[in-house]
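Data file: work00.txt. Format and content: compact mmCIF, N, CA and C atoms.
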```
# COMPACT_ATOMS: atom_id res chain seq x y z
N MET T 1049 3.45 -19.41 16.59
CA MET T 1049 3.62 -17.96 16.54
C MET T 1049 3.47 -17.41 17.94
N LYS T 1050 4.32 -16.49 18.29
CA LYS T 1050 4.29 -15.89 19.62
C LYS T 1050 3.08 -14.97 19.76
N PRO T 1051 2.49 -14.85 20.97
CA PRO T 1051 1.35 -13.97 21.17
C PRO T 1051 1.64 -12.53 20.76
N ALA T 1052 2.82 -12.02 21.02
CA ALA T 1052 3.14 -10.64 20.66
C ALA T 1052 3.08 -10.45 19.15
N GLU T 1053 3.49 -11.48 18.39
CA GLU T 1053 3.46 -11.37 16.94
C GLU T 1053 2.04 -11.31 16.41
N SER T 1054 1.11 -12.09 16.99
CA SER T 1054 -0.25 -12.12 16.48
C SER T 1054 -0.98 -10.80 16.74
N ALA T 1055 -0.50 -10.03 17.72
CA ALA T 1055 -1.14 -8.75 18.03
C ALA T 1055 -0.47 -7.60 17.27
N ALA T 1056 0.45 -7.92 16.37
CA ALA T 1056 1.17 -6.89 15.64
C ALA T 1056 0.22 -6.03 14.82
N ASP T 1057 0.64 -4.82 14.55
CA ASP T 1057 -0.14 -3.87 13.79
C ASP T 1057 -0.04 -4.22 12.30
N PRO T 1058 -1.19 -4.40 11.63
CA PRO T 1058 -1.13 -4.71 10.19
C PRO T 1058 -0.38 -3.65 9.41
N ARG T 1059 -0.54 -2.38 9.78
CA ARG T 1059 0.14 -1.30 9.05
C ARG T 1059 1.66 -1.47 9.12
N GLN T 1060 2.14 -1.80 10.29
CA GLN T 1060 3.57 -2.00 10.48
C GLN T 1060 4.05 -3.19 9.64
N ASP T 1061 3.27 -4.26 9.63
CA ASP T 1061 3.67 -5.46 8.89
C ASP T 1061 3.63 -5.24 7.38
N TRP T 1062 2.57 -4.58 6.86
CA TRP T 1062 2.55 -4.38 5.41
C TRP T 1062 3.61 -3.38 4.99
N ALA T 1063 3.87 -2.37 5.82
CA ALA T 1063 4.92 -1.40 5.48
C ALA T 1063 6.29 -2.08 5.46
N GLU T 1064 6.54 -2.93 6.43
CA GLU T 1064 7.81 -3.66 6.47
C GLU T 1064 7.92 -4.60 5.27
N ALA T 1065 6.82 -5.26 4.93
CA ALA T 1065 6.84 -6.17 3.78
C ALA T 1065 7.13 -5.41 2.49
N LEU T 1066 6.50 -4.27 2.31
CA LEU T 1066 6.73 -3.48 1.09
C LEU T 1066 8.14 -2.92 1.06
N SER T 1067 8.67 -2.57 2.21
CA SER T 1067 10.06 -2.12 2.27
C SER T 1067 11.01 -3.28 1.94
N THR T 1068 10.70 -4.45 2.47
CA THR T 1068 11.51 -5.64 2.24
C THR T 1068 11.53 -6.04 0.76
N THR T 1069 10.40 -5.86 0.09
CA THR T 1069 10.31 -6.27 -1.32
C THR T 1069 10.65 -5.14 -2.28
N SER T 1070 10.99 -3.97 -1.77
CA SER T 1070 11.28 -2.84 -2.65
C SER T 1070 12.52 -3.06 -3.51
N CYS T 1071 13.35 -4.01 -3.15
CA CYS T 1071 14.56 -4.31 -3.91
C CYS T 1071 14.28 -5.18 -5.14
N LEU T 1072 13.06 -5.69 -5.25
CA LEU T 1072 12.70 -6.51 -6.41
C LEU T 1072 12.66 -5.63 -7.66
N PRO T 1073 13.00 -6.09 -8.80
CA PRO T 1073 13.45 -7.44 -9.14
C PRO T 1073 14.96 -7.61 -9.09
N LEU T 1074 15.70 -6.56 -8.75
CA LEU T 1074 17.16 -6.64 -8.76
C LEU T 1074 17.73 -7.58 -7.71
N ARG T 1075 17.11 -7.59 -6.55
CA ARG T 1075 17.60 -8.41 -5.45
C ARG T 1075 16.42 -9.03 -4.74
N VAL T 1076 16.57 -10.28 -4.37
CA VAL T 1076 15.52 -11.02 -3.67
C VAL T 1076 15.78 -10.91 -2.17
N PRO T 1077 14.76 -10.52 -1.39
CA PRO T 1077 14.96 -10.40 0.06
C PRO T 1077 15.19 -11.75 0.73
N ASP T 1078 15.67 -11.69 1.95
CA ASP T 1078 15.92 -12.88 2.76
C ASP T 1078 14.65 -13.72 2.87
N ARG T 1079 14.76 -15.00 2.56
CA ARG T 1079 13.59 -15.88 2.54
C ARG T 1079 13.00 -16.07 3.93
N GLU T 1080 13.83 -16.19 4.93
CA GLU T 1080 13.31 -16.40 6.29
C GLU T 1080 12.46 -15.21 6.73
N ARG T 1081 12.94 -14.00 6.47
CA ARG T 1081 12.18 -12.80 6.84
C ARG T 1081 10.90 -12.71 6.02
N ALA T 1082 10.99 -13.03 4.73
CA ALA T 1082 9.80 -13.02 3.87
C ALA T 1082 8.75 -14.00 4.39
N ASP T 1083 9.18 -15.17 4.80
CA ASP T 1083 8.24 -16.16 5.32
C ASP T 1083 7.58 -15.72 6.62
N GLN T 1084 8.35 -15.06 7.49
CA GLN T 1084 7.79 -14.56 8.75
C GLN T 1084 6.72 -13.49 8.48
N LEU T 1085 7.04 -12.57 7.60
CA LEU T 1085 6.08 -11.51 7.27
C LEU T 1085 4.87 -12.07 6.55
N THR T 1086 5.08 -13.04 5.68
CA THR T 1086 3.96 -13.67 4.97
C THR T 1086 3.00 -14.30 5.96
N ALA T 1087 3.52 -14.99 6.95
CA ALA T 1087 2.66 -15.64 7.96
C ALA T 1087 1.84 -14.59 8.71
N ARG T 1088 2.48 -13.49 9.09
CA ARG T 1088 1.75 -12.46 9.83
C ARG T 1088 0.71 -11.78 8.94
N LEU T 1089 1.06 -11.52 7.69
CA LEU T 1089 0.09 -10.89 6.79
C LEU T 1089 -1.08 -11.82 6.50
N ARG T 1090 -0.83 -13.10 6.39
CA ARG T 1090 -1.93 -14.06 6.19
C ARG T 1090 -2.90 -13.99 7.36
N GLU T 1091 -2.37 -13.85 8.56
CA GLU T 1091 -3.23 -13.75 9.75
C GLU T 1091 -4.05 -12.46 9.71
N HIS T 1092 -3.41 -11.35 9.39
CA HIS T 1092 -4.13 -10.07 9.31
C HIS T 1092 -5.23 -10.14 8.25
N VAL T 1093 -4.88 -10.66 7.09
CA VAL T 1093 -5.85 -10.75 5.99
C VAL T 1093 -7.01 -11.66 6.39
N GLY T 1094 -6.71 -12.74 7.09
CA GLY T 1094 -7.76 -13.64 7.57
C GLY T 1094 -8.75 -12.95 8.50
N HIS T 1095 -8.27 -11.97 9.27
CA HIS T 1095 -9.16 -11.21 10.16
C HIS T 1095 -9.92 -10.12 9.40
N LEU T 1096 -9.30 -9.57 8.38
CA LEU T 1096 -9.91 -8.46 7.64
C LEU T 1096 -10.97 -8.91 6.63
N MET T 1097 -10.78 -10.07 6.03
CA MET T 1097 -11.71 -10.51 4.98
C MET T 1097 -13.16 -10.57 5.44
N PRO T 1098 -13.47 -11.16 6.60
CA PRO T 1098 -14.87 -11.17 7.04
C PRO T 1098 -15.42 -9.77 7.30
N LYS T 1099 -14.57 -8.87 7.76
CA LYS T 1099 -15.03 -7.49 8.01
C LYS T 1099 -15.39 -6.80 6.70
N VAL T 1100 -14.58 -7.01 5.66
CA VAL T 1100 -14.89 -6.41 4.36
C VAL T 1100 -16.12 -7.07 3.77
N ASP T 1101 -16.25 -8.36 3.93
CA ASP T 1101 -17.44 -9.07 3.44
C ASP T 1101 -18.69 -8.51 4.11
N GLU T 1102 -18.61 -8.24 5.40
CA GLU T 1102 -19.73 -7.65 6.13
C GLU T 1102 -20.02 -6.23 5.63
N ALA T 1103 -18.98 -5.46 5.37
CA ALA T 1103 -19.16 -4.09 4.85
C ALA T 1103 -19.86 -4.13 3.50
N ILE T 1104 -19.52 -5.10 2.68
CA ILE T 1104 -20.17 -5.25 1.37
C ILE T 1104 -21.64 -5.60 1.56
N ALA T 1105 -21.91 -6.51 2.48
CA ALA T 1105 -23.29 -6.94 2.72
C ALA T 1105 -24.14 -5.82 3.28
N ASP T 1106 -23.52 -4.87 3.99
CA ASP T 1106 -24.26 -3.75 4.57
C ASP T 1106 -24.76 -2.75 3.52
N GLU T 1107 -24.14 -2.77 2.35
CA GLU T 1107 -24.54 -1.84 1.29
C GLU T 1107 -25.88 -2.29 0.70
N CYS T 1108 -26.78 -1.34 0.49
CA CYS T 1108 -28.11 -1.64 -0.03
C CYS T 1108 -28.13 -1.80 -1.55
N HIS T 1109 -27.26 -1.06 -2.23
CA HIS T 1109 -27.30 -1.04 -3.69
C HIS T 1109 -25.97 -1.49 -4.25
N ASP T 1110 -26.03 -2.09 -5.42
CA ASP T 1110 -24.79 -2.42 -6.12
C ASP T 1110 -24.18 -1.14 -6.65
N THR T 1111 -22.94 -0.92 -6.32
CA THR T 1111 -22.21 0.25 -6.79
C THR T 1111 -20.86 -0.22 -7.30
N ALA T 1112 -20.16 0.67 -7.96
CA ALA T 1112 -18.82 0.33 -8.42
C ALA T 1112 -17.91 -0.01 -7.23
N ASP T 1113 -18.09 0.70 -6.12
CA ASP T 1113 -17.27 0.42 -4.93
C ASP T 1113 -17.55 -0.97 -4.39
N ARG T 1114 -18.81 -1.34 -4.36
CA ARG T 1114 -19.19 -2.66 -3.87
C ARG T 1114 -18.63 -3.75 -4.78
N GLU T 1115 -18.73 -3.55 -6.09
CA GLU T 1115 -18.21 -4.53 -7.03
C GLU T 1115 -16.68 -4.63 -6.95
N THR T 1116 -16.03 -3.49 -6.76
CA THR T 1116 -14.57 -3.50 -6.63
C THR T 1116 -14.17 -4.22 -5.34
N ALA T 1117 -14.89 -3.99 -4.27
CA ALA T 1117 -14.60 -4.68 -3.01
C ALA T 1117 -14.80 -6.19 -3.16
N ARG T 1118 -15.85 -6.59 -3.86
CA ARG T 1118 -16.06 -8.03 -4.12
C ARG T 1118 -14.90 -8.61 -4.92
N TRP T 1119 -14.47 -7.86 -5.95
CA TRP T 1119 -13.34 -8.31 -6.76
C TRP T 1119 -12.10 -8.47 -5.89
N LEU T 1120 -11.87 -7.49 -5.01
CA LEU T 1120 -10.71 -7.54 -4.13
C LEU T 1120 -10.76 -8.77 -3.23
N LEU T 1121 -11.92 -9.06 -2.67
CA LEU T 1121 -12.03 -10.25 -1.82
C LEU T 1121 -11.73 -11.52 -2.60
N ASP T 1122 -12.21 -11.62 -3.83
CA ASP T 1122 -11.90 -12.78 -4.66
C ASP T 1122 -10.39 -12.88 -4.91
N ARG T 1123 -9.79 -11.75 -5.21
CA ARG T 1123 -8.34 -11.72 -5.48
C ARG T 1123 -7.55 -12.12 -4.23
N VAL T 1124 -7.96 -11.60 -3.09
CA VAL T 1124 -7.27 -11.92 -1.85
C VAL T 1124 -7.41 -13.41 -1.54
N GLY T 1125 -8.61 -13.95 -1.73
CA GLY T 1125 -8.81 -15.39 -1.51
C GLY T 1125 -7.90 -16.22 -2.40
N HIS T 1126 -7.76 -15.81 -3.65
CA HIS T 1126 -6.86 -16.50 -4.57
C HIS T 1126 -5.41 -16.37 -4.10
N THR T 1127 -5.03 -15.19 -3.66
CA THR T 1127 -3.66 -14.95 -3.20
C THR T 1127 -3.33 -15.81 -1.98
N LEU T 1128 -4.29 -15.99 -1.09
CA LEU T 1128 -4.04 -16.79 0.11
C LEU T 1128 -3.73 -18.25 -0.23
N HIS T 1129 -4.22 -18.72 -1.36
CA HIS T 1129 -3.98 -20.12 -1.74
C HIS T 1129 -2.68 -20.30 -2.52
N GLN T 1130 -1.98 -19.20 -2.76
CA GLN T 1130 -0.70 -19.29 -3.46
C GLN T 1130 0.42 -19.30 -2.44
N GLY T 1131 1.59 -19.45 -2.93
CA GLY T 1131 2.76 -19.44 -2.07
C GLY T 1131 3.99 -19.17 -2.89
N GLY T 1132 5.12 -19.49 -2.33
CA GLY T 1132 6.36 -19.24 -3.03
C GLY T 1132 7.30 -20.42 -2.97
N PRO T 1133 7.32 -21.24 -4.03
CA PRO T 1133 8.22 -22.39 -4.02
C PRO T 1133 9.70 -21.99 -4.07
N ASP T 1134 10.00 -20.82 -4.65
CA ASP T 1134 11.38 -20.35 -4.65
C ASP T 1134 11.42 -18.96 -4.03
N ASP T 1135 12.61 -18.46 -3.78
CA ASP T 1135 12.76 -17.20 -3.05
C ASP T 1135 12.10 -16.02 -3.78
N ARG T 1136 12.26 -15.94 -5.08
CA ARG T 1136 11.69 -14.82 -5.84
C ARG T 1136 10.16 -14.86 -5.81
N THR T 1137 9.59 -16.02 -6.03
CA THR T 1137 8.14 -16.17 -6.01
C THR T 1137 7.59 -15.86 -4.62
N ALA T 1138 8.29 -16.28 -3.59
CA ALA T 1138 7.87 -15.99 -2.21
C ALA T 1138 7.88 -14.49 -1.96
N ALA T 1139 8.87 -13.78 -2.48
CA ALA T 1139 8.94 -12.33 -2.29
C ALA T 1139 7.81 -11.62 -3.03
N VAL T 1140 7.52 -12.06 -4.25
CA VAL T 1140 6.41 -11.47 -5.01
C VAL T 1140 5.09 -11.73 -4.29
N HIS T 1141 4.93 -12.94 -3.77
CA HIS T 1141 3.73 -13.29 -3.02
C HIS T 1141 3.60 -12.41 -1.77
N LEU T 1142 4.71 -12.18 -1.09
CA LEU T 1142 4.71 -11.31 0.09
C LEU T 1142 4.25 -9.91 -0.29
N GLU T 1143 4.78 -9.39 -1.38
CA GLU T 1143 4.39 -8.04 -1.81
C GLU T 1143 2.90 -7.98 -2.14
N ASP T 1144 2.39 -9.01 -2.81
CA ASP T 1144 0.97 -9.06 -3.14
C ASP T 1144 0.12 -9.10 -1.88
N LEU T 1145 0.51 -9.93 -0.91
CA LEU T 1145 -0.23 -9.99 0.36
C LEU T 1145 -0.21 -8.64 1.08
N ALA T 1146 0.92 -7.96 1.06
CA ALA T 1146 1.03 -6.66 1.72
C ALA T 1146 0.08 -5.65 1.09
N LEU T 1147 0.03 -5.62 -0.24
CA LEU T 1147 -0.87 -4.69 -0.93
C LEU T 1147 -2.33 -5.05 -0.67
N ASN T 1148 -2.64 -6.34 -0.65
CA ASN T 1148 -4.01 -6.76 -0.34
C ASN T 1148 -4.40 -6.39 1.08
N CYS T 1149 -3.50 -6.60 2.02
CA CYS T 1149 -3.77 -6.27 3.42
C CYS T 1149 -4.00 -4.77 3.56
N ARG T 1150 -3.19 -3.97 2.89
CA ARG T 1150 -3.34 -2.52 2.94
C ARG T 1150 -4.70 -2.09 2.39
N ALA T 1151 -5.12 -2.69 1.28
CA ALA T 1151 -6.41 -2.35 0.67
C ALA T 1151 -7.57 -2.75 1.58
N LEU T 1152 -7.52 -3.95 2.13
CA LEU T 1152 -8.59 -4.40 3.03
C LEU T 1152 -8.66 -3.52 4.27
N SER T 1153 -7.50 -3.15 4.81
CA SER T 1153 -7.47 -2.28 5.99
C SER T 1153 -8.09 -0.93 5.69
N ALA T 1154 -7.81 -0.40 4.50
CA ALA T 1154 -8.37 0.91 4.13
C ALA T 1154 -9.89 0.84 4.05
N ILE T 1155 -10.42 -0.23 3.50
CA ILE T 1155 -11.87 -0.40 3.42
C ILE T 1155 -12.47 -0.47 4.83
N CYS T 1156 -11.85 -1.26 5.69
CA CYS T 1156 -12.37 -1.41 7.06
C CYS T 1156 -12.29 -0.09 7.83
N SER T 1157 -11.19 0.62 7.71
CA SER T 1157 -11.03 1.90 8.41
C SER T 1157 -12.07 2.90 7.95
N HIS T 1158 -12.27 2.98 6.65
CA HIS T 1158 -13.25 3.92 6.11
C HIS T 1158 -14.66 3.57 6.59
N LYS T 1159 -14.98 2.29 6.59
CA LYS T 1159 -16.30 1.84 7.06
C LYS T 1159 -16.49 2.18 8.53
N ASP T 1160 -15.45 1.96 9.35
CA ASP T 1160 -15.52 2.29 10.78
C ASP T 1160 -15.70 3.79 11.00
N GLU T 1161 -15.00 4.60 10.20
CA GLU T 1161 -15.04 6.05 10.39
C GLU T 1161 -16.30 6.70 9.83
N THR T 1162 -16.82 6.20 8.71
CA THR T 1162 -17.93 6.88 8.03
C THR T 1162 -19.22 6.08 7.98
N GLY T 1163 -19.11 4.77 8.22
CA GLY T 1163 -20.29 3.92 8.10
C GLY T 1163 -20.59 3.53 6.66
N GLN T 1164 -19.70 3.92 5.74
CA GLN T 1164 -19.91 3.62 4.32
C GLN T 1164 -18.73 2.87 3.76
N LEU T 1165 -19.01 2.15 2.67
CA LEU T 1165 -17.94 1.47 1.96
C LEU T 1165 -17.01 2.52 1.35
N ALA T 1166 -15.73 2.27 1.38
CA ALA T 1166 -14.74 3.22 0.87
C ALA T 1166 -14.94 3.44 -0.62
N ALA T 1167 -14.67 4.66 -1.03
CA ALA T 1167 -14.74 5.01 -2.45
C ALA T 1167 -13.46 4.51 -3.12
N ILE T 1168 -13.47 3.26 -3.53
CA ILE T 1168 -12.26 2.65 -4.09
C ILE T 1168 -12.31 2.57 -5.60
N ALA T 1169 -13.43 2.85 -6.18
CA ALA T 1169 -13.56 2.83 -7.64
C ALA T 1169 -14.09 4.18 -8.08
N LEU T 1170 -13.23 5.15 -8.09
CA LEU T 1170 -13.64 6.51 -8.42
C LEU T 1170 -13.83 6.66 -9.92
N PRO T 1171 -14.89 7.36 -10.33
CA PRO T 1171 -15.09 7.57 -11.76
C PRO T 1171 -14.00 8.49 -12.31
N SER T 1172 -13.66 8.28 -13.56
CA SER T 1172 -12.66 9.16 -14.17
C SER T 1172 -13.29 10.51 -14.47
N THR T 1173 -12.48 11.52 -14.40
CA THR T 1173 -12.96 12.87 -14.70
C THR T 1173 -12.68 13.19 -16.16
N PRO T 1174 -13.59 13.90 -16.81
CA PRO T 1174 -13.34 14.24 -18.21
C PRO T 1174 -12.14 15.16 -18.34
N SER T 1175 -11.36 14.96 -19.43
CA SER T 1175 -10.18 15.80 -19.61
C SER T 1175 -10.48 17.01 -20.45
```

For the structure just supplied, provide its representation as C-alpha cells.
Amino acid sequence: MKPAESAADPRQDWAEALSTTSCLPLRVPDRERADQLTARLREHVGHLMPKVDEAIADECHDTADRETARWLLDRVGHTLHQGGPDDRTAAVHLEDLALNCRALSAICSHKDETGQLAAIALPSTPS
C-alpha cells in the first residue's frame, strides 16, 4: 500500500465505499475498487478499535452506551475476519466495514470532543 493511501481520511473512504455499494442489490460494484476500499477501511478500523476499547475502559459505570460500544467492537472484530469470496459478498462486506468504520469514528470523535462515550444507545421516548 502506498504511503499516501495509508494516510487517507477515514470519512472519505467510508463515504466512497457507501457510494460504491449504493447500487446494491441491483448492481454489484467493480471488484477491484471494492477490494481497494476494503483494504483501506480495514486499516482505519484497525486503528480505531483500540481507541474505542480505551474509551470504554475509561467509563466508570456500565451504561447502555458502554454496552452498545462493546457490542460494536465484537461485531467489528467478527466483520474483520470475514471477506468476500464472490463479487456480491465482497461488496456487502465493504458496506459493512464502511458502516462499522463510521460508527467507530463517531465514538472516537465524540470522546475527543467531550471526554465522554458517545450517546449511541438513546432511550426511546414515550409516545

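Residue nearest Lys1159 (chain T), chosen from T:Leu1147, T:Leu1142, T:Leu1066, T:Ala1103 and counting all atoms listed in the file: T:Ala1103.
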
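Among the candidates T:Arg1136, T:Leu1128, T:Ile1104, T:Arg1114, the residue lying nearest to Arg1075 (chain T) is T:Arg1136 (atoms considered: only N, CA and C atoms).
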
Using all atoms listed in the file, which residues sit within 7 Å of region 1118-1126 of chain T once same-chain residues fewer than 5 positions away are excluded, as a PyMOL selection string?
chain T and resi 1097+1104+1113+1148

Near Arg1079 (chain T), within 8 Å and counting all atoms listed in the file, which residues show up once chain neighbours fewer than 6 positions away are dropped, as a ChimeraX atom specification?
/T:1085,1134-1136,1138-1139

Can you report as AutoDock Vina command-line options the centre and edge lengths in Å, to one decimal, of an axis-aligned box around the listed atoms of region 1109-1119 of chain T padded with 6 Å on each side?
```
--center_x -19.7 --center_y -4.0 --center_z -5.3 --size_x 27.2 --size_y 21.3 --size_z 18.2
```

List the spatial neighbours of Asp1061 (chain T) as a ChimeraX atom specification - criterion: any atom at most 12 Å away, only C-alpha atoms, same-chain residues fewer than 4 positions off excluded.
/T:1053-1057,1065-1068,1081-1082,1084-1093,1142-1143,1145-1147,1149-1150,1153

Please report the interatomic distance between CA of Gly1131 (chain T) and atom C of Thr1069 (chain T) in Å with one decimal.
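Computing the Euclidean distance for CA of Gly1131 (chain T) and atom C of Thr1069 (chain T) yields 16.3 Å.
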